[in-house]
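Okay, so here's the structure we're looking at.
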Amino acid sequence: MTDLRRLKLTRIEGTATLSCEISPCCFMYPNYGLQIGVSLNGSREAIKHGKVSMTSATGADVQALFDSVKLIECGECKGPAFDPATISTNARGLCPACMEKVSSAEFEEEMKLIEERERVATSRRHAHARARGFTHEVIAWLHPESGDDEAVIFHTKTDAKDEIEKILRKYGSVVTSDFTVTKL
Ligand SMILES: [Zn+2]
């Protein structure tokens, strides 16, 4: 009798080493059914769900499920990649290395957009405050006696510490030193 918890299957196809294990959740939730996680050359796990119940699952079921996972050529580098038609994966037909590159490029692009949006918002806010005669912007954390801390932005015509502390007290903050001042 195979100990399914310890079962680990491996298959080599060209330069690809595939390995598979049963997902831990299958043992935790009896009605989950058989599910395997498959990794390609040690990275990026994809998941395949079978229609087999865990109470009747055998090593042969795991093998059959694993065998049904196919590889294709990576859309970028022609290296081995999961065939998305045979396994649920978010790799879009790319190999783990190319997928990594695409994800980090997308992440950087997104961060750039966020930074740009913030920069535009800040300069618009500064211009607006300057137009109303303010000279400084204060970004502060309010620490109320009870409840959560809260961030505020306001504009002043002074950078005098005691004036800013007065405003923070008016806001109901018990701490009046948690702020930064920027000249507009
Ligand atoms: Zn690739």
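If you're wondering about the labels, chains in the structure tokens are A, B, ... by order shown, residues count from 1 in each chain, ligands from 1 in order shown.
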Requested in this report: Please check which protein, DNA or RNA residues sit within 7 Å of ligand 1, counting only C-alpha atoms and all ligand atoms, and write them as a list of chain:residue names.
Outcome: A:Cys74, A:Gly75, A:Glu76, A:Cys77, A:Lys78, A:Gly79, A:Leu94, A:Cys95, A:Pro96, A:Ala97, A:Cys98
Could you take the residues named above and write them with C-alpha atoms, as an mmCIF file, in the first residue's frame?
data_model
loop_
_atom_site.group_PDB
_atom_site.id
_atom_site.type_symbol
_atom_site.label_atom_id
_atom_site.label_comp_id
_atom_site.auth_asym_id
_atom_site.auth_seq_id
_atom_site.Cartn_x
_atom_site.Cartn_y
_atom_site.Cartn_z
ATOM 1 C CA CYS A 74 7.913 28.321 -23.981
ATOM 2 C CA GLY A 75 6.422 31.135 -26.078
ATOM 3 C CA GLU A 76 9.577 33.182 -25.502
ATOM 4 C CA CYS A 77 12.661 30.990 -25.288
ATOM 5 C CA LYS A 78 11.391 27.615 -26.546
ATOM 6 C CA GLY A 79 12.386 26.010 -23.238
ATOM 7 C CA LEU A 94 5.890 30.533 -20.580
ATOM 8 C CA CYS A 95 8.693 28.684 -18.816
ATOM 9 C CA PRO A 96 9.360 29.563 -15.149
ATOM 10 C CA ALA A 97 12.324 31.840 -16.018
ATOM 11 C CA CYS A 98 10.441 33.808 -18.706
#
Counting only C-alpha atoms, give me one row per residue of region 35-133 of chain A with an atom at most 12 Å from an atom of region 10-17 of chain A, showing the shortest contact pair and its distance in Å to one decimal, sorted by chain then residue number, as CSV.
residue,atom,partner,partner_atom,distance
A:Gly37,CA,A:Thr10,CA,11.9
A:Val38,CA,A:Thr10,CA,9.4
A:Ser39,CA,A:Thr17,CA,8.2
A:Leu40,CA,A:Thr17,CA,5.9
A:Asn41,CA,A:Thr17,CA,5.0
A:Gly42,CA,A:Thr17,CA,7.6
A:Ser43,CA,A:Thr17,CA,10.1
A:Val62,CA,A:Thr10,CA,11.5
A:Gln63,CA,A:Thr10,CA,9.7
A:Phe66,CA,A:Thr10,CA,9.0
A:Asp67,CA,A:Arg11,CA,8.9
A:Ser68,CA,A:Arg11,CA,12.0
A:Val69,CA,A:Arg11,CA,10.7
A:Lys70,CA,A:Glu13,CA,9.9
A:Leu71,CA,A:Glu13,CA,8.6
A:Ile72,CA,A:Ala16,CA,10.7
A:Glu73,CA,A:Ala16,CA,10.9
A:Cys74,CA,A:Ala16,CA,11.8
A:Lys78,CA,A:Thr15,CA,11.3
A:Gly79,CA,A:Thr15,CA,8.1
A:Pro80,CA,A:Ala16,CA,6.1
A:Ala81,CA,A:Ala16,CA,8.6
A:Phe82,CA,A:Ala16,CA,10.2
A:Cys95,CA,A:Ala16,CA,10.2
A:Pro96,CA,A:Ala16,CA,11.1
Selection to disk with C-alpha atoms, as a PDB file, in the first residue's frame:
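Ended up saving to result_12.pdb:
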ATOM      1  CA  GLY A  37       0.954  20.114  -7.305  1.00  0.00           C
ATOM      2  CA  VAL A  38       3.510  19.865 -10.079  1.00  0.00           C
ATOM      3  CA  SER A  39       6.778  21.707 -10.294  1.00  0.00           C
ATOM      4  CA  LEU A  40       8.923  22.224 -13.356  1.00  0.00           C
ATOM      5  CA  ASN A  41      12.699  22.221 -12.836  1.00  0.00           C
ATOM      6  CA  GLY A  42      12.119  22.912  -9.167  1.00  0.00           C
ATOM      7  CA  SER A  43      10.096  26.070  -9.556  1.00  0.00           C
ATOM      8  CA  VAL A  62      -1.769  10.069  -8.839  1.00  0.00           C
ATOM      9  CA  GLN A  63       0.425   8.666 -11.618  1.00  0.00           C
ATOM     10  CA  PHE A  66       0.628  13.390 -13.291  1.00  0.00           C
ATOM     11  CA  ASP A  67       0.934  11.731 -16.727  1.00  0.00           C
ATOM     12  CA  SER A  68      -1.865  13.923 -18.073  1.00  0.00           C
ATOM     13  CA  VAL A  69       0.205  17.056 -17.383  1.00  0.00           C
ATOM     14  CA  LYS A  70       1.951  17.975 -20.641  1.00  0.00           C
ATOM     15  CA  LEU A  71       4.694  20.363 -21.616  1.00  0.00           C
ATOM     16  CA  ILE A  72       4.902  22.784 -24.511  1.00  0.00           C
ATOM     17  CA  GLU A  73       7.671  25.014 -25.830  1.00  0.00           C
ATOM     18  CA  CYS A  74       7.913  28.321 -23.981  1.00  0.00           C
ATOM     19  CA  LYS A  78      11.391  27.615 -26.546  1.00  0.00           C
ATOM     20  CA  GLY A  79      12.386  26.010 -23.238  1.00  0.00           C
ATOM     21  CA  PRO A  80       9.975  23.656 -21.457  1.00  0.00           C
ATOM     22  CA  ALA A  81       6.765  25.204 -20.113  1.00  0.00           C
ATOM     23  CA  PHE A  82       3.521  23.822 -18.722  1.00  0.00           C
ATOM     24  CA  CYS A  95       8.693  28.684 -18.816  1.00  0.00           C
ATOM     25  CA  PRO A  96       9.360  29.563 -15.149  1.00  0.00           C
TER      26      PRO A  96
END
**Report entry** Contacts of Ala60 (chain A) at 12 Å (only C-alpha atoms; same-chain gap of 2+ positions) as a list of chain:residue names
**Finding:** A:Met1, A:Thr2, A:Leu4, A:Leu7, A:Leu9, A:Leu34, A:Val52, A:Ser56, A:Ala57, A:Thr58, A:Val62, A:Gln63, A:Ala64, A:Leu65, A:Phe66, A:Asp67
Query raised in the report: Can you tell me, as a count of residues only, what residues are no more than 9 Å from His126 (chain A) when counting only C-alpha atoms, ignoring any on the same chain fewer than 4 positions away?
Result: 9
Report task. From region 48-170 of chain A, collect each residue whose DSSP state is helix (DSSP H, G or I) and return the set as a PyMOL selection string. Result -> chain A and resi 59-67+96-131+161-170
For C-alpha atoms, I'd like the residues from the last selection saved as a tab-separated table (two decimals), in the first residue's frame.
chain	number	residue	atom	x	y	z
A	59	GLY	CA	-0.79	5.68	-6.31
A	60	ALA	CA	-1.96	4.77	-9.81
A	61	ASP	CA	-4.51	7.63	-9.75
A	62	VAL	CA	-1.77	10.07	-8.84
A	63	GLN	CA	0.42	8.67	-11.62
A	64	ALA	CA	-2.39	8.99	-14.17
A	65	LEU	CA	-3.08	12.58	-13.13
A	66	PHE	CA	0.63	13.39	-13.29
A	67	ASP	CA	0.93	11.73	-16.73
A	96	PRO	CA	9.36	29.56	-15.15
A	97	ALA	CA	12.32	31.84	-16.02
A	98	CYS	CA	10.44	33.81	-18.71
A	99	MET	CA	7.31	34.02	-16.54
A	100	GLU	CA	9.45	35.46	-13.75
A	101	LYS	CA	10.79	38.09	-16.14
A	102	VAL	CA	7.30	39.00	-17.39
A	103	SER	CA	5.92	39.25	-13.84
A	104	SER	CA	8.69	41.47	-12.56
A	105	ALA	CA	8.49	43.69	-15.66
A	106	GLU	CA	4.74	44.02	-15.11
A	107	PHE	CA	5.30	44.76	-11.43
A	108	GLU	CA	7.85	47.47	-12.23
A	109	GLU	CA	5.54	48.98	-14.81
A	110	GLU	CA	2.75	49.08	-12.25
A	111	MET	CA	5.00	50.65	-9.60
A	112	LYS	CA	6.11	53.29	-12.10
A	113	LEU	CA	2.47	54.14	-12.84
A	114	ILE	CA	1.66	54.43	-9.14
A	115	GLU	CA	4.70	56.65	-8.49
A	116	GLU	CA	3.85	58.84	-11.48
A	117	ARG	CA	0.24	59.19	-10.31
A	118	GLU	CA	1.45	60.16	-6.82
A	119	ARG	CA	3.94	62.65	-8.22
A	120	VAL	CA	1.23	64.33	-10.31
A	121	ALA	CA	-1.20	64.42	-7.37
A	122	THR	CA	1.46	65.91	-5.07
A	123	SER	CA	2.52	68.65	-7.45
A	124	ARG	CA	-1.13	69.51	-8.16
A	125	ARG	CA	-1.82	69.71	-4.42
A	126	HIS	CA	1.25	71.90	-3.85
A	127	ALA	CA	0.32	74.27	-6.68
A	128	HIS	CA	-3.20	74.56	-5.34
A	129	ALA	CA	-1.94	75.37	-1.82
A	130	ARG	CA	0.60	77.89	-3.12
A	131	ALA	CA	-2.18	79.60	-5.07
A	161	LYS	CA	7.08	74.06	15.34
A	162	ASP	CA	4.80	75.43	18.07
A	163	GLU	CA	2.23	76.62	15.49
A	164	ILE	CA	2.09	73.17	13.91
A	165	GLU	CA	1.85	71.52	17.33
A	166	LYS	CA	-1.11	73.78	18.10
A	167	ILE	CA	-2.89	72.59	14.95
A	168	LEU	CA	-2.18	68.97	15.80
A	169	ARG	CA	-3.62	69.44	19.29
A	170	LYS	CA	-6.71	71.01	17.69
Report summary line: In Å and to one decimal, CA of Glu145 (chain A) is distant from CA of Gly172 (chain A) by 7.8 Å
Requested in this report: Name the residues in contact with Lys48 (chain A) at a cut-off of 6 Å, using only C-alpha atoms, excluding same-chain residues fewer than 6 positions from it; report them as a PyMOL selection string.
Outcome: chain A and resi 35-36+87
Query - Expected answer as a PyMOL selection string: strand (DSSP E) residues in region 55-98 of chain A - result: chain A and resi 71-73+80-82
Requested in this report: Could you please determine the separation between CA of Asn90 (chain A) and CA of Arg44 (chain A) in Å, to one decimal place?
Outcome: 9.4 Å
Query raised in the report: Please, what distance in Å, to one decimal, runs between CA of Phe154 (chain A) and CA of Ile139 (chain A)?
Result: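 According to the coordinates, CA of Phe154 (chain A) and CA of Ile139 (chain A) are separated by 6.8 Å.
The nearest approach to Ala46 (chain A) among the residues A:Asp159, A:Leu18, A:Ser146, A:Trp141, with only C-alpha atoms taken into account, belongs to A:Leu18.
The nearest approach to Cys25 (chain A) among the residues A:Asp178, A:Met54, A:Thr156, A:Glu45, with only C-alpha atoms taken into account, belongs to A:Met54.
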Requested in this report: Check the smallest atom-to-atom distance from each of A:Lys183, A:Lys157, A:Val174, A:Ala91 to Arg132 (chain A) using only C-alpha atoms, then report the winner.
Outcome: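 The answer is A:Lys157, which sits nearest to Arg132 (chain A).
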